[in-house]
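Colleague: model01.pdb (PDB, C-alpha atoms) pasted underneath:
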ATOM      1  CA  MET W  13     -26.596  23.267  -7.801  1.00  0.00           C
ATOM      2  CA  LYS W  14     -28.359  25.543 -10.284  1.00  0.00           C
ATOM      3  CA  ALA W  15     -25.907  28.370  -9.546  1.00  0.00           C
ATOM      4  CA  MET W  16     -22.978  26.029 -10.234  1.00  0.00           C
ATOM      5  CA  GLN W  17     -24.489  25.073 -13.602  1.00  0.00           C
ATOM      6  CA  VAL W  18     -24.933  28.733 -14.551  1.00  0.00           C
ATOM      7  CA  ILE W  19     -21.346  29.533 -13.527  1.00  0.00           C
ATOM      8  CA  SER W  20     -20.018  26.502 -15.399  1.00  0.00           C
ATOM      9  CA  LEU W  21     -21.962  27.337 -18.561  1.00  0.00           C
ATOM     10  CA  THR W  22     -20.860  30.974 -18.389  1.00  0.00           C
ATOM     11  CA  LEU W  23     -17.224  29.924 -17.962  1.00  0.00           C
ATOM     12  CA  LEU W  24     -17.583  27.440 -20.802  1.00  0.00           C
ATOM     13  CA  SER W  25     -18.994  30.138 -23.104  1.00  0.00           C
ATOM     14  CA  VAL W  26     -16.294  32.669 -22.264  1.00  0.00           C
ATOM     15  CA  LEU W  27     -13.462  30.198 -22.666  1.00  0.00           C
ATOM     16  CA  ALA W  28     -14.864  28.702 -25.858  1.00  0.00           C
ATOM     17  CA  ALA W  29     -15.092  32.177 -27.352  1.00  0.00           C
ATOM     18  CA  SER W  30     -11.473  32.901 -26.425  1.00  0.00           C
ATOM     19  CA  ALA W  31     -10.165  29.787 -28.249  1.00  0.00           C
ATOM     20  CA  GLN W  32      -8.859  28.037 -25.162  1.00  0.00           C
ATOM     21  CA  VAL W  33      -8.907  24.244 -25.092  1.00  0.00           C
ATOM     22  CA  LEU W  34     -11.494  23.481 -22.436  1.00  0.00           C
ATOM     23  CA  LYS W  35     -12.356  19.955 -21.315  1.00  0.00           C
ATOM     24  CA  PHE W  36     -14.447  18.305 -18.634  1.00  0.00           C
ATOM     25  CA  GLY W  37     -12.614  16.731 -15.740  1.00  0.00           C
ATOM     26  CA  LYS W  38      -9.487  17.283 -13.712  1.00  0.00           C
ATOM     27  CA  CYS W  39      -6.015  17.868 -15.118  1.00  0.00           C
ATOM     28  CA  PRO W  40      -3.895  14.762 -15.749  1.00  0.00           C
ATOM     29  CA  LYS W  41      -0.610  14.351 -13.910  1.00  0.00           C
ATOM     30  CA  PRO W  42       1.793  13.338 -16.710  1.00  0.00           C
ATOM     31  CA  ALA W  43       5.376  12.261 -16.241  1.00  0.00           C
ATOM     32  CA  VAL W  44       7.830  15.063 -16.925  1.00  0.00           C
ATOM     33  CA  GLN W  45      11.367  15.124 -18.306  1.00  0.00           C
ATOM     34  CA  ALA W  46      13.608  13.088 -16.025  1.00  0.00           C
ATOM     35  CA  ASN W  47      16.677  14.894 -14.676  1.00  0.00           C
ATOM     36  CA  PHE W  48      15.636  18.157 -16.337  1.00  0.00           C
ATOM     37  CA  ASP W  49      18.593  20.543 -16.684  1.00  0.00           C
ATOM     38  CA  ALA W  50      17.428  24.162 -16.994  1.00  0.00           C
ATOM     39  CA  THR W  51      20.892  25.351 -18.033  1.00  0.00           C
ATOM     40  CA  ARG W  52      20.694  23.146 -21.162  1.00  0.00           C
ATOM     41  CA  TYR W  53      17.219  24.578 -21.906  1.00  0.00           C
ATOM     42  CA  ILE W  54      18.563  28.148 -22.132  1.00  0.00           C
ATOM     43  CA  GLY W  55      18.482  29.809 -25.541  1.00  0.00           C
ATOM     44  CA  LYS W  56      16.029  30.330 -28.374  1.00  0.00           C
ATOM     45  CA  TRP W  57      13.188  27.949 -29.228  1.00  0.00           C
ATOM     46  CA  TYR W  58      10.838  28.191 -32.220  1.00  0.00           C
ATOM     47  CA  GLU W  59       7.175  27.391 -31.771  1.00  0.00           C
ATOM     48  CA  ILE W  60       6.198  24.590 -34.162  1.00  0.00           C
ATOM     49  CA  MET W  61       2.659  23.805 -32.934  1.00  0.00           C
ATOM     50  CA  LYS W  62       0.390  24.746 -30.052  1.00  0.00           C
ATOM     51  CA  LEU W  63      -3.022  24.252 -28.593  1.00  0.00           C
ATOM     52  CA  PRO W  64      -4.900  27.502 -29.325  1.00  0.00           C
ATOM     53  CA  THR W  65      -4.735  30.168 -26.621  1.00  0.00           C
ATOM     54  CA  SER W  66      -6.415  33.506 -26.069  1.00  0.00           C
ATOM     55  CA  PHE W  67      -3.078  35.213 -25.452  1.00  0.00           C
ATOM     56  CA  GLN W  68      -1.221  34.156 -28.623  1.00  0.00           C
ATOM     57  CA  LYS W  69      -2.580  35.692 -31.811  1.00  0.00           C
ATOM     58  CA  GLY W  70       0.435  35.808 -34.119  1.00  0.00           C
ATOM     59  CA  GLU W  71       2.842  33.636 -36.080  1.00  0.00           C
ATOM     60  CA  CYS W  72       6.620  33.159 -36.068  1.00  0.00           C
ATOM     61  CA  GLY W  73       6.507  32.544 -32.312  1.00  0.00           C
ATOM     62  CA  THR W  74       9.740  32.197 -30.385  1.00  0.00           C
ATOM     63  CA  ALA W  75      10.622  31.715 -26.738  1.00  0.00           C
ATOM     64  CA  THR W  76      14.052  32.697 -25.465  1.00  0.00           C
ATOM     65  CA  TYR W  77      15.163  31.516 -22.038  1.00  0.00           C
ATOM     66  CA  SER W  78      18.021  32.938 -19.979  1.00  0.00           C
ATOM     67  CA  GLN W  79      19.444  32.112 -16.552  1.00  0.00           C
ATOM     68  CA  LYS W  80      18.336  34.624 -13.916  1.00  0.00           C
ATOM     69  CA  SER W  81      19.303  32.735 -10.780  1.00  0.00           C
ATOM     70  CA  PRO W  82      19.382  29.111  -9.585  1.00  0.00           C
ATOM     71  CA  GLY W  83      15.953  27.638 -10.324  1.00  0.00           C
ATOM     72  CA  VAL W  84      14.753  30.749 -12.190  1.00  0.00           C
ATOM     73  CA  LEU W  85      14.770  31.343 -15.950  1.00  0.00           C
ATOM     74  CA  GLY W  86      14.056  34.611 -17.687  1.00  0.00           C
ATOM     75  CA  VAL W  87      11.473  34.240 -20.467  1.00  0.00           C
ATOM     76  CA  LEU W  88      11.044  36.382 -23.591  1.00  0.00           C
ATOM     77  CA  ASN W  89       8.160  35.323 -25.837  1.00  0.00           C
ATOM     78  CA  SER W  90       7.761  37.051 -29.214  1.00  0.00           C
ATOM     79  CA  GLU W  91       5.398  36.734 -32.159  1.00  0.00           C
ATOM     80  CA  LEU W  92       4.623  38.542 -35.403  1.00  0.00           C
ATOM     81  CA  LEU W  93       1.105  39.979 -35.556  1.00  0.00           C
ATOM     82  CA  ASP W  94      -1.041  40.290 -38.697  1.00  0.00           C
ATOM     83  CA  ASP W  95      -0.339  44.044 -38.916  1.00  0.00           C
ATOM     84  CA  GLY W  96       3.424  43.370 -39.124  1.00  0.00           C
ATOM     85  CA  SER W  97       4.187  44.476 -35.574  1.00  0.00           C
ATOM     86  CA  ILE W  98       6.098  42.345 -33.114  1.00  0.00           C
ATOM     87  CA  ASN W  99       4.382  41.428 -29.865  1.00  0.00           C
ATOM     88  CA  SER W 100       6.735  40.483 -27.008  1.00  0.00           C
ATOM     89  CA  ILE W 101       6.272  39.738 -23.347  1.00  0.00           C
ATOM     90  CA  VAL W 102       8.856  39.228 -20.613  1.00  0.00           C
ATOM     91  CA  GLY W 103       8.408  36.896 -17.666  1.00  0.00           C
ATOM     92  CA  SER W 104      10.062  34.311 -15.523  1.00  0.00           C
ATOM     93  CA  ALA W 105       9.864  30.569 -15.054  1.00  0.00           C
ATOM     94  CA  LYS W 106      10.552  29.234 -11.581  1.00  0.00           C
ATOM     95  CA  VAL W 107      11.075  25.704 -10.377  1.00  0.00           C
ATOM     96  CA  LYS W 108       8.339  25.128  -7.801  1.00  0.00           C
ATOM     97  CA  ASN W 109       9.872  22.020  -6.237  1.00  0.00           C
ATOM     98  CA  PRO W 110      13.617  21.280  -6.647  1.00  0.00           C
ATOM     99  CA  SER W 111      12.871  17.542  -6.688  1.00  0.00           C
ATOM    100  CA  GLU W 112      10.793  18.108  -9.885  1.00  0.00           C
ATOM    101  CA  PRO W 113      12.825  20.669 -11.880  1.00  0.00           C
ATOM    102  CA  ALA W 114      10.841  20.057 -15.115  1.00  0.00           C
ATOM    103  CA  LYS W 115       7.696  21.445 -13.429  1.00  0.00           C
ATOM    104  CA  LEU W 116       8.061  25.182 -13.815  1.00  0.00           C
ATOM    105  CA  GLN W 117       5.664  27.978 -12.926  1.00  0.00           C
ATOM    106  CA  VAL W 118       5.647  30.796 -15.494  1.00  0.00           C
ATOM    107  CA  SER W 119       4.381  34.318 -14.875  1.00  0.00           C
ATOM    108  CA  PHE W 120       4.283  37.465 -16.972  1.00  0.00           C
ATOM    109  CA  ASN W 121       3.811  41.064 -15.813  1.00  0.00           C
ATOM    110  CA  GLY W 122       2.727  40.090 -12.319  1.00  0.00           C
ATOM    111  CA  SER W 123       0.125  37.589 -13.523  1.00  0.00           C
ATOM    112  CA  PRO W 124      -0.521  34.540 -11.364  1.00  0.00           C
ATOM    113  CA  PRO W 125       1.945  31.770 -12.195  1.00  0.00           C
ATOM    114  CA  GLY W 126       0.818  29.042 -14.568  1.00  0.00           C
ATOM    115  CA  PRO W 127       2.144  25.528 -15.091  1.00  0.00           C
ATOM    116  CA  TYR W 128       4.887  24.991 -17.672  1.00  0.00           C
ATOM    117  CA  TRP W 129       5.809  21.339 -17.535  1.00  0.00           C
ATOM    118  CA  VAL W 130       8.542  20.037 -19.820  1.00  0.00           C
ATOM    119  CA  LEU W 131       7.333  16.553 -20.749  1.00  0.00           C
ATOM    120  CA  SER W 132      10.165  15.808 -23.182  1.00  0.00           C
ATOM    121  CA  SER W 133      13.259  17.614 -24.392  1.00  0.00           C
ATOM    122  CA  ASP W 134      16.534  16.611 -25.948  1.00  0.00           C
ATOM    123  CA  TYR W 135      17.703  20.235 -25.388  1.00  0.00           C
ATOM    124  CA  GLU W 136      19.196  20.443 -28.900  1.00  0.00           C
ATOM    125  CA  GLY W 137      16.226  19.672 -31.131  1.00  0.00           C
ATOM    126  CA  HIS W 138      12.789  19.523 -29.523  1.00  0.00           C
ATOM    127  CA  SER W 139      10.814  20.350 -26.420  1.00  0.00           C
ATOM    128  CA  LEU W 140       7.273  19.323 -25.514  1.00  0.00           C
ATOM    129  CA  VAL W 141       5.557  21.556 -22.985  1.00  0.00           C
ATOM    130  CA  TYR W 142       2.225  20.984 -21.255  1.00  0.00           C
ATOM    131  CA  GLY W 143       0.209  22.991 -18.796  1.00  0.00           C
ATOM    132  CA  CYS W 144      -3.232  22.475 -17.330  1.00  0.00           C
ATOM    133  CA  VAL W 145      -5.374  24.446 -14.881  1.00  0.00           C
ATOM    134  CA  ASP W 146      -8.440  23.077 -13.073  1.00  0.00           C
ATOM    135  CA  TYR W 147     -11.612  25.210 -12.935  1.00  0.00           C
ATOM    136  CA  GLY W 148     -14.139  23.160 -10.991  1.00  0.00           C
ATOM    137  CA  LEU W 149     -15.734  20.721 -13.426  1.00  0.00           C
ATOM    138  CA  PHE W 150     -13.493  21.875 -16.283  1.00  0.00           C
ATOM    139  CA  ARG W 151      -9.837  22.179 -17.118  1.00  0.00           C
ATOM    140  CA  ILE W 152      -7.919  24.361 -19.553  1.00  0.00           C
ATOM    141  CA  GLU W 153      -5.043  22.699 -21.377  1.00  0.00           C
ATOM    142  CA  LEU W 154      -2.034  24.372 -22.940  1.00  0.00           C
ATOM    143  CA  SER W 155       0.685  22.714 -24.969  1.00  0.00           C
ATOM    144  CA  TRP W 156       3.532  23.718 -27.226  1.00  0.00           C
ATOM    145  CA  ILE W 157       5.919  21.805 -29.452  1.00  0.00           C
ATOM    146  CA  LEU W 158       9.161  23.751 -29.712  1.00  0.00           C
ATOM    147  CA  SER W 159      12.306  23.316 -31.784  1.00  0.00           C
ATOM    148  CA  ARG W 160      15.756  24.866 -31.857  1.00  0.00           C
ATOM    149  CA  GLU W 161      15.211  25.360 -35.612  1.00  0.00           C
ATOM    150  CA  PRO W 162      12.157  26.804 -37.445  1.00  0.00           C
ATOM    151  CA  THR W 163      11.196  23.279 -38.563  1.00  0.00           C
ATOM    152  CA  LEU W 164      10.902  19.883 -36.922  1.00  0.00           C
ATOM    153  CA  SER W 165      10.727  16.472 -38.566  1.00  0.00           C
ATOM    154  CA  GLU W 166       7.290  14.931 -38.981  1.00  0.00           C
ATOM    155  CA  GLU W 167       8.581  11.828 -37.194  1.00  0.00           C
ATOM    156  CA  THR W 168       9.491  13.861 -34.093  1.00  0.00           C
ATOM    157  CA  VAL W 169       6.154  15.705 -34.181  1.00  0.00           C
ATOM    158  CA  GLU W 170       4.354  12.340 -34.310  1.00  0.00           C
ATOM    159  CA  GLU W 171       6.377  11.058 -31.324  1.00  0.00           C
ATOM    160  CA  LEU W 172       5.480  14.172 -29.320  1.00  0.00           C
ATOM    161  CA  HIS W 173       1.827  13.892 -30.357  1.00  0.00           C
ATOM    162  CA  SER W 174       1.906  10.324 -29.049  1.00  0.00           C
ATOM    163  CA  ILE W 175       3.051  11.542 -25.629  1.00  0.00           C
ATOM    164  CA  LEU W 176       0.237  14.101 -25.537  1.00  0.00           C
ATOM    165  CA  SER W 177      -2.355  11.576 -26.709  1.00  0.00           C
ATOM    166  CA  SER W 178      -1.291   9.188 -23.936  1.00  0.00           C
ATOM    167  CA  ILE W 179      -2.407  11.767 -21.334  1.00  0.00           C
ATOM    168  CA  GLY W 180      -5.679  12.514 -23.102  1.00  0.00           C
ATOM    169  CA  VAL W 181      -4.756  15.630 -25.102  1.00  0.00           C
ATOM    170  CA  ASN W 182      -6.613  15.883 -28.413  1.00  0.00           C
ATOM    171  CA  VAL W 183      -3.672  16.581 -30.745  1.00  0.00           C
ATOM    172  CA  ASP W 184      -6.098  17.275 -33.604  1.00  0.00           C
ATOM    173  CA  LYS W 185      -6.747  20.605 -31.857  1.00  0.00           C
ATOM    174  CA  MET W 186      -3.094  21.627 -32.189  1.00  0.00           C
ATOM    175  CA  VAL W 187      -2.391  24.302 -34.784  1.00  0.00           C
ATOM    176  CA  PRO W 188       0.879  24.750 -36.669  1.00  0.00           C
ATOM    177  CA  THR W 189       2.784  27.997 -36.286  1.00  0.00           C
ATOM    178  CA  ILE W 190       4.054  29.671 -39.450  1.00  0.00           C
ATOM    179  CA  GLN W 191       7.856  29.797 -39.312  1.00  0.00           C
ATOM    180  CA  ASP W 192       8.481  30.598 -43.002  1.00  0.00           C
ATOM    181  CA  GLU W 193      11.780  32.495 -43.341  1.00  0.00           C
ATOM    182  CA  THR W 194      10.365  35.109 -45.734  1.00  0.00           C
ATOM    183  CA  TYR W 195       7.173  35.679 -43.724  1.00  0.00           C
ATOM    184  CA  CYS W 196       9.027  35.803 -40.408  1.00  0.00           C
ATOM    185  CA  SER W 197      11.905  38.025 -41.605  1.00  0.00           C
ATOM    186  CA  ALA W 198      10.634  40.926 -39.462  1.00  0.00           C
ATOM    187  CA  MET W 199      11.419  38.820 -36.379  1.00  0.00           C
ATOM    188  CA  GLN W 200      15.161  38.630 -37.185  1.00  0.00           C
TER
END
Once you've parsed the file, please lay out its structure as structure tokens.
Modeller:
Amino acid sequence: MKAMQVISLTLLSVLAASAQVLKFGKCPKPAVQANFDATRYIGKWYEIMKLPTSFQKGECGTATYSQKSPGVLGVLNSELLDDGSINSIVGSAKVKNPSEPAKLQVSFNGSPPGPYWVLSSDYEGHSLVYGCVDYGLFRIELSWILSREPTLSEETVEELHSILSSIGVNVDKMVPTIQDETYCSAMQ
């Protein structure tokens, strides 16, 4: 038992230092977008808010999805770093189970796939994405609020926060992403 406590505390320290959202307990199993249609999800999305991650350091974040094959989307994530450079990564999102097409597994550069669950999307305005990974006594949560435009109404953000809160996500931990046209002009 002592070894498990040491491992858990070490993991907690490492993850806390890397700005991941770490919580006690197992991942929730939220409802996902009914009748999710990946072809309607294709195109560019602007990141409006996110739970902090160790792998996203910039602003002006975008995600562009393309059709690769049935059940597989190409993913291009880009962000503007503090030094003015653009950081991009290419990956793929695959439907794990055809009966649950809103539960995608995303991988980048050969990394192990991670959950990318579309909880809500109207395809033309907003998308709410959630992912969670269990690590023994802890879980790491990921979430993004995306929009087809660089802004999203406060009313819609509140509705999406409500969905997250209903599954136990602390929306106060979400951070807004700068999408200011002047600041983000290098991303055009």
Colleague: What does the PyMOL selection byres ((chain W and resi 189) around 7) select in this file, as a ChimeraX atom specification?
Modeller: /W:59-61,71-72,187-188,190-191
Colleague: Measure the distance from atom CA of W:Thr51 to atom CA of W:Ser81 in Å and round it to one decimal.
Modeller: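 Here the two named atoms are 10.5 Å from each other.
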Colleague: Looking at only C-alpha atoms, which of W:Pro113, W:Gly70, W:Pro64, W:Gly96 is the one that sits closest to W:Asn47?
Modeller: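 Nearest candidate to W:Asn47 out of W:Pro113, W:Gly70, W:Pro64, W:Gly96: W:Pro113.
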Colleague: Nearest to W:Phe67: which of W:Val84, W:Leu93, W:Leu176, W:Ile54 is it, counting all atoms listed in the file?
Modeller: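 Residue with the minimum atom-to-atom distance to W:Phe67: W:Leu93.
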Colleague: Hey, what comes out of the PyMOL selection byres ((chain W and resi 139) around 10) on this file? Could you write it as a PyMOL selection string?
Modeller: chain W and resi 45+53+57-60+130-138+140-141+156-160+172
Colleague: By how many Å are atom CA of W:Pro127 and atom CA of W:Tyr142 apart?
Modeller: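 Atom-to-atom, atom CA of W:Pro127 to atom CA of W:Tyr142, that is 7.7 Å.
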Colleague: Atom CA of W:Ser90 and atom CA of W:Pro162 are how many Å apart?
Modeller: 13.9 Å
Colleague: Expand the PyMOL selection byres ((chain W and resi 107) around 7) into the individual residues it matches in the shown file, reporting them as a tab-separated table (two decimals) with C-alpha atoms, keeping the file's coordinate frame.
Modeller:
chain	number	residue	atom	x	y	z
W	83	GLY	CA	15.95	27.64	-10.32
W	84	VAL	CA	14.75	30.75	-12.19
W	105	ALA	CA	9.86	30.57	-15.05
W	106	LYS	CA	10.55	29.23	-11.58
W	108	LYS	CA	8.34	25.13	-7.80
W	109	ASN	CA	9.87	22.02	-6.24
W	110	PRO	CA	13.62	21.28	-6.65
W	113	PRO	CA	12.82	20.67	-11.88
W	115	LYS	CA	7.70	21.44	-13.43
W	116	LEU	CA	8.06	25.18	-13.82
W	117	GLN	CA	5.66	27.98	-12.93
Colleague: List as a list in words the protein and nucleic acid residues near W:Ser119, meaning an atom at most 7 Å away when all atoms listed in the file are counted, but skip any in the same chain fewer than 6 places from it.
Modeller: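 The residues satisfying every condition are Gly103, Ser104, Ala105, Pro125 and Gly126 of chain W.
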Colleague: Ranking W:Gly180, W:Gly55, W:Gly73, W:Gly143 by minimum distance to W:Gly86 and counting all atoms listed in the file, which one comes first?
Modeller: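 Among the listed residues, W:Gly55 lies closest to W:Gly86.
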Colleague: Could you give me stretch 77-88 of chain W completed to all heavy atoms, formatted as an mmCIF file, keeping the file's coordinate frame?
Modeller:
data_model
loop_
_atom_site.group_PDB
_atom_site.id
_atom_site.type_symbol
_atom_site.label_atom_id
_atom_site.label_comp_id
_atom_site.auth_asym_id
_atom_site.auth_seq_id
_atom_site.Cartn_x
_atom_site.Cartn_y
_atom_site.Cartn_z
ATOM 1 N N TYR W 77 14.972 31.707 -23.469
ATOM 2 C CA TYR W 77 15.163 31.516 -22.038
ATOM 3 C C TYR W 77 16.583 31.909 -21.654
ATOM 4 O O TYR W 77 17.525 31.637 -22.386
ATOM 5 C CB TYR W 77 14.897 30.056 -21.655
ATOM 6 C CG TYR W 77 13.494 29.637 -22.011
ATOM 7 C CD1 TYR W 77 13.222 28.987 -23.213
ATOM 8 C CD2 TYR W 77 12.423 29.936 -21.176
ATOM 9 C CE1 TYR W 77 11.931 28.638 -23.566
ATOM 10 C CE2 TYR W 77 11.127 29.593 -21.522
ATOM 11 C CZ TYR W 77 10.892 28.944 -22.714
ATOM 12 O OH TYR W 77 9.613 28.607 -23.070
ATOM 13 N N SER W 78 16.712 32.536 -20.500
ATOM 14 C CA SER W 78 18.021 32.938 -19.979
ATOM 15 C C SER W 78 18.076 32.589 -18.493
ATOM 16 O O SER W 78 17.039 32.473 -17.836
ATOM 17 C CB SER W 78 18.230 34.439 -20.183
ATOM 18 O OG SER W 78 17.203 35.174 -19.526
ATOM 19 N N GLN W 79 19.276 32.427 -17.975
ATOM 20 C CA GLN W 79 19.444 32.112 -16.552
ATOM 21 C C GLN W 79 19.356 33.398 -15.751
ATOM 22 O O GLN W 79 20.098 34.342 -16.009
ATOM 23 C CB GLN W 79 20.801 31.445 -16.321
ATOM 24 C CG GLN W 79 21.008 30.949 -14.915
ATOM 25 C CD GLN W 79 20.225 29.685 -14.619
ATOM 26 O OE1 GLN W 79 20.237 28.756 -15.405
ATOM 27 N NE2 GLN W 79 19.547 29.658 -13.489
ATOM 28 N N LYS W 80 18.436 33.467 -14.806
ATOM 29 C CA LYS W 80 18.336 34.624 -13.916
ATOM 30 C C LYS W 80 19.017 34.337 -12.581
ATOM 31 O O LYS W 80 19.745 35.164 -12.059
ATOM 32 C CB LYS W 80 16.873 34.999 -13.680
ATOM 33 C CG LYS W 80 16.215 35.654 -14.887
ATOM 34 C CD LYS W 80 14.790 36.045 -14.618
ATOM 35 C CE LYS W 80 14.735 37.335 -13.850
ATOM 36 N NZ LYS W 80 13.382 37.876 -13.723
ATOM 37 N N SER W 81 18.720 33.181 -12.048
ATOM 38 C CA SER W 81 19.303 32.735 -10.780
ATOM 39 C C SER W 81 19.051 31.237 -10.679
ATOM 40 O O SER W 81 18.309 30.686 -11.491
ATOM 41 C CB SER W 81 18.669 33.487 -9.601
ATOM 42 O OG SER W 81 17.291 33.226 -9.523
ATOM 43 N N PRO W 82 19.644 30.552 -9.699
ATOM 44 C CA PRO W 82 19.382 29.111 -9.585
ATOM 45 C C PRO W 82 17.873 28.836 -9.468
ATOM 46 O O PRO W 82 17.192 29.425 -8.633
ATOM 47 C CB PRO W 82 20.125 28.707 -8.315
ATOM 48 C CG PRO W 82 21.226 29.722 -8.196
ATOM 49 C CD PRO W 82 20.613 31.004 -8.712
ATOM 50 N N GLY W 83 17.366 27.993 -10.350
ATOM 51 C CA GLY W 83 15.953 27.638 -10.324
ATOM 52 C C GLY W 83 15.028 28.644 -10.967
ATOM 53 O O GLY W 83 13.807 28.477 -10.929
ATOM 54 N N VAL W 84 15.588 29.715 -11.566
ATOM 55 C CA VAL W 84 14.753 30.749 -12.190
ATOM 56 C C VAL W 84 15.300 31.081 -13.576
ATOM 57 O O VAL W 84 16.474 31.430 -13.726
ATOM 58 C CB VAL W 84 14.683 32.038 -11.346
ATOM 59 C CG1 VAL W 84 13.790 33.073 -12.017
ATOM 60 C CG2 VAL W 84 14.195 31.744 -9.937
ATOM 61 N N LEU W 85 14.423 30.961 -14.581
ATOM 62 C CA LEU W 85 14.770 31.343 -15.950
ATOM 63 C C LEU W 85 14.043 32.619 -16.331
ATOM 64 O O LEU W 85 12.879 32.808 -15.975
ATOM 65 C CB LEU W 85 14.353 30.240 -16.938
ATOM 66 C CG LEU W 85 15.026 28.884 -16.801
ATOM 67 C CD1 LEU W 85 14.435 27.906 -17.810
ATOM 68 C CD2 LEU W 85 16.533 29.009 -16.995
ATOM 69 N N GLY W 86 14.724 33.485 -17.066
ATOM 70 C CA GLY W 86 14.056 34.611 -17.687
ATOM 71 C C GLY W 86 13.383 34.116 -18.958
ATOM 72 O O GLY W 86 13.892 33.198 -19.621
ATOM 73 N N VAL W 87 12.236 34.667 -19.294
ATOM 74 C CA VAL W 87 11.473 34.240 -20.467
ATOM 75 C C VAL W 87 11.168 35.470 -21.318
ATOM 76 O O VAL W 87 10.705 36.488 -20.808
ATOM 77 C CB VAL W 87 10.130 33.579 -20.056
ATOM 78 C CG1 VAL W 87 9.363 33.120 -21.280
ATOM 79 C CG2 VAL W 87 10.352 32.440 -19.091
ATOM 80 N N LEU W 88 11.441 35.361 -22.630
ATOM 81 C CA LEU W 88 11.044 36.382 -23.591
ATOM 82 C C LEU W 88 10.295 35.673 -24.711
ATOM 83 O O LEU W 88 10.885 34.897 -25.467
ATOM 84 C CB LEU W 88 12.256 37.118 -24.170
ATOM 85 C CG LEU W 88 11.962 38.051 -25.353
ATOM 86 C CD1 LEU W 88 11.012 39.174 -24.958
ATOM 87 C CD2 LEU W 88 13.256 38.598 -25.940
#
